[in-house]
Amino acid sequence: MKNNKPKISLIIPVYNSEKYLPECLDSVLEQTFKDFEVVCVNDGSTDSSLSILKKYAAKDARIVIKSQNNAGVSAARNAALELAKGKYIAFLDSDDFIHPDYLKVLYETMELKKADLVWCGFLRVNQNILRQEVKVLVGKRYPIKVYDNIFDDFIKGNINPEVALWNKLYKSDLAKQIKFVENIAASEDFLYVVSYLYKTNKVAFVNAELLFYRVTDTGLTHKPVKAKYIEDHYNMCLYLNNFFKNETLKEDVRKALDERIAKTLFKASITWPYKRSAKDSYMDYWKIYCVKLLKMKENGIYKPELLNSIDRYKSDLYINKKFGLLRFLLLFT
């Protein structure tokens, strides 16, 4: 590169990713768009991930490595944002990979449409598939759709740009204004995307599957639910409530946001422990979180009146500790 300010900074947090990291980096270095840097934060990996990063960095000066003690993916991304020099920011998980035109298409769309955010489609692939086995079309023209003030429609569920960090290109000056909440390990990407969308005026969608999301059996949604996972969603709802409490939102948008919070708290308190607890330990969670949910209701954060009639009834049973009847209802709904 001719200068120290690349067009795009691609951020990749890395933690024990030796199995998939080479394919991820190969897909990045084979991009048809060349003016980028790759900011890799090694978050205390104990496998050969750091060695792999160093091997690739020795071959390509665009790869920047920062190592830190294990502090979680949010801390790693915050560290990378501080280092990033690009005009635009993109995020990639170290077990995923991208289409050869991924950066080119997102960059050209961002510039052409003068957008604050561009997102594209993605394809889920099996954890054991090799990158070379995924057939992609290169050099095709992709349809683009532009949206103004997408935040309201996103909250109301009319438009879904996905709540994941990846498959998007962000403006660096906006992206750096937002920090990842480091004490939340689940849904941290949702909080970031929502906060970013609130700052946008114009966004664009490229109707093409340019990112390949590897579905593995190690993700949080594939494991038995734990207290930390439930707490993270409680804290996420608290964060959303506090973030938008003093913001001016349209009445229907405020209601839609409150409904999202209510549904999340309902699932985190009742449904997830019941369906995903290890060794049927859901009753232990219910006894704890029925008290916390009641407090959220008394503080005006949890609004069960926004749930459907069946879930409102379940919520009432739960808060009043009528667990036997609640368990019976959950068997049939």
# chains A, B, ... in the order shown; residues from 1 in each chain; ligands from 1
$ residues_around --residues "Glu108 (chain A)" --least-positions-apart "3" --cutoff "12 Å" --atoms "only C-alpha atoms" --output "short mmCIF file (atom, residue, chain, number, x, y, z; two decimals) with N, CA, C and O atoms, in the first residue's frame"
data_model
loop_
_atom_site.label_atom_id
_atom_site.label_comp_id
_atom_site.auth_asym_id
_atom_site.auth_seq_id
_atom_site.Cartn_x
_atom_site.Cartn_y
_atom_site.Cartn_z
N LYS A 7 -8.17 1.60 2.80
CA LYS A 7 -9.59 1.90 2.63
C LYS A 7 -10.43 1.12 3.66
O LYS A 7 -11.41 1.64 4.18
N ILE A 8 -10.02 -0.11 3.95
CA ILE A 8 -10.81 -0.97 4.86
C ILE A 8 -9.90 -1.59 5.91
O ILE A 8 -8.80 -2.06 5.59
N PHE A 33 -10.26 -6.99 -4.11
CA PHE A 33 -9.98 -5.64 -3.58
C PHE A 33 -8.73 -5.75 -2.71
O PHE A 33 -8.64 -6.63 -1.85
N TYR A 88 -13.13 2.50 6.38
CA TYR A 88 -14.26 1.65 6.71
C TYR A 88 -13.79 0.48 7.57
O TYR A 88 -12.62 0.12 7.57
N ASP A 101 -14.94 -11.49 -3.95
CA ASP A 101 -15.39 -10.12 -4.23
C ASP A 101 -16.00 -9.42 -3.02
O ASP A 101 -16.56 -8.33 -3.15
N TYR A 102 -15.93 -10.04 -1.87
CA TYR A 102 -16.62 -9.52 -0.68
C TYR A 102 -16.27 -8.06 -0.40
O TYR A 102 -17.15 -7.18 -0.37
N LEU A 103 -15.01 -7.77 -0.19
CA LEU A 103 -14.62 -6.40 0.15
C LEU A 103 -14.85 -5.45 -1.03
O LEU A 103 -15.26 -4.30 -0.83
N LYS A 104 -14.61 -5.91 -2.23
CA LYS A 104 -14.78 -5.08 -3.43
C LYS A 104 -16.23 -4.61 -3.56
O LYS A 104 -16.51 -3.41 -3.74
N VAL A 105 -17.15 -5.55 -3.44
CA VAL A 105 -18.57 -5.22 -3.61
C VAL A 105 -19.07 -4.31 -2.50
O VAL A 105 -19.77 -3.33 -2.75
N GLU A 111 -19.35 3.45 -1.42
CA GLU A 111 -18.93 4.67 -2.09
C GLU A 111 -20.00 5.16 -3.08
O GLU A 111 -20.32 6.35 -3.13
N LEU A 112 -20.54 4.24 -3.86
CA LEU A 112 -21.53 4.60 -4.89
C LEU A 112 -22.80 5.17 -4.28
O LEU A 112 -23.33 6.19 -4.75
N LYS A 113 -23.28 4.55 -3.22
CA LYS A 113 -24.56 4.95 -2.62
C LYS A 113 -24.37 5.96 -1.49
O LYS A 113 -25.36 6.44 -0.94
N LYS A 114 -23.10 6.28 -1.17
CA LYS A 114 -22.82 7.20 -0.06
C LYS A 114 -23.60 6.77 1.20
O LYS A 114 -24.26 7.56 1.86
N ALA A 115 -23.47 5.50 1.51
CA ALA A 115 -24.21 4.90 2.62
C ALA A 115 -23.40 4.95 3.91
O ALA A 115 -22.18 5.13 3.90
N LEU A 117 -23.84 2.33 6.00
CA LEU A 117 -23.68 0.89 6.24
C LEU A 117 -24.09 0.14 4.99
O LEU A 117 -25.04 0.52 4.31
N VAL A 118 -23.34 -0.91 4.69
CA VAL A 118 -23.73 -1.83 3.60
C VAL A 118 -23.70 -3.23 4.18
O VAL A 118 -22.78 -3.60 4.91
N ARG A 141 -22.58 -9.05 -11.42
CA ARG A 141 -23.16 -7.81 -10.92
C ARG A 141 -24.28 -8.16 -9.95
O ARG A 141 -25.12 -9.02 -10.23
N TYR A 142 -24.30 -7.47 -8.81
CA TYR A 142 -25.22 -7.86 -7.75
C TYR A 142 -26.29 -6.78 -7.55
O TYR A 142 -25.97 -5.57 -7.52
N ILE A 144 -28.76 -4.20 -5.78
CA ILE A 144 -28.58 -3.39 -4.58
C ILE A 144 -29.90 -2.69 -4.25
O ILE A 144 -30.59 -2.18 -5.14
N LEU A 169 -20.30 -3.62 6.19
CA LEU A 169 -19.22 -2.64 6.14
C LEU A 169 -19.70 -1.39 6.84
O LEU A 169 -20.80 -0.89 6.55
N ALA A 204 -27.43 0.28 2.62
CA ALA A 204 -27.67 -0.43 1.37
C ALA A 204 -27.50 -1.93 1.58
O ALA A 204 -26.66 -2.37 2.36
N VAL A 206 -26.79 -5.52 -0.46
CA VAL A 206 -26.34 -6.20 -1.67
C VAL A 206 -26.91 -7.62 -1.65
O VAL A 206 -26.58 -8.41 -0.76
#
$ residues_around --residues "Asn183 (chain A)" --least-positions-apart "3" --cutoff "12 Å" --atoms "only C-alpha atoms" --output "ChimeraX atom specification"
/A:71-75,179-180,186-188,228-229,231-236,239
$ select_by_dssp --residues "region 131-168 of chain A" --states "strand (DSSP E or B)" --output "PyMOL selection string"
chain A and resi 144-148+168
$ closest_residue --among "A:Phe97, A:Ser195, A:Asp311, A:Pro22" --to "Glu209 (chain A)" --atoms "only C-alpha atoms"
A:Phe97
$ closest_residue --among "A:Lys34, A:Arg260, A:Lys135, A:Lys87" --to "Tyr170 (chain A)" --atoms "only C-alpha atoms"
A:Lys87
$ atom_distance --atom1 "CA of Ala256 (chain A)" --atom2 "CA of Asp148 (chain A)"
18.9 Å
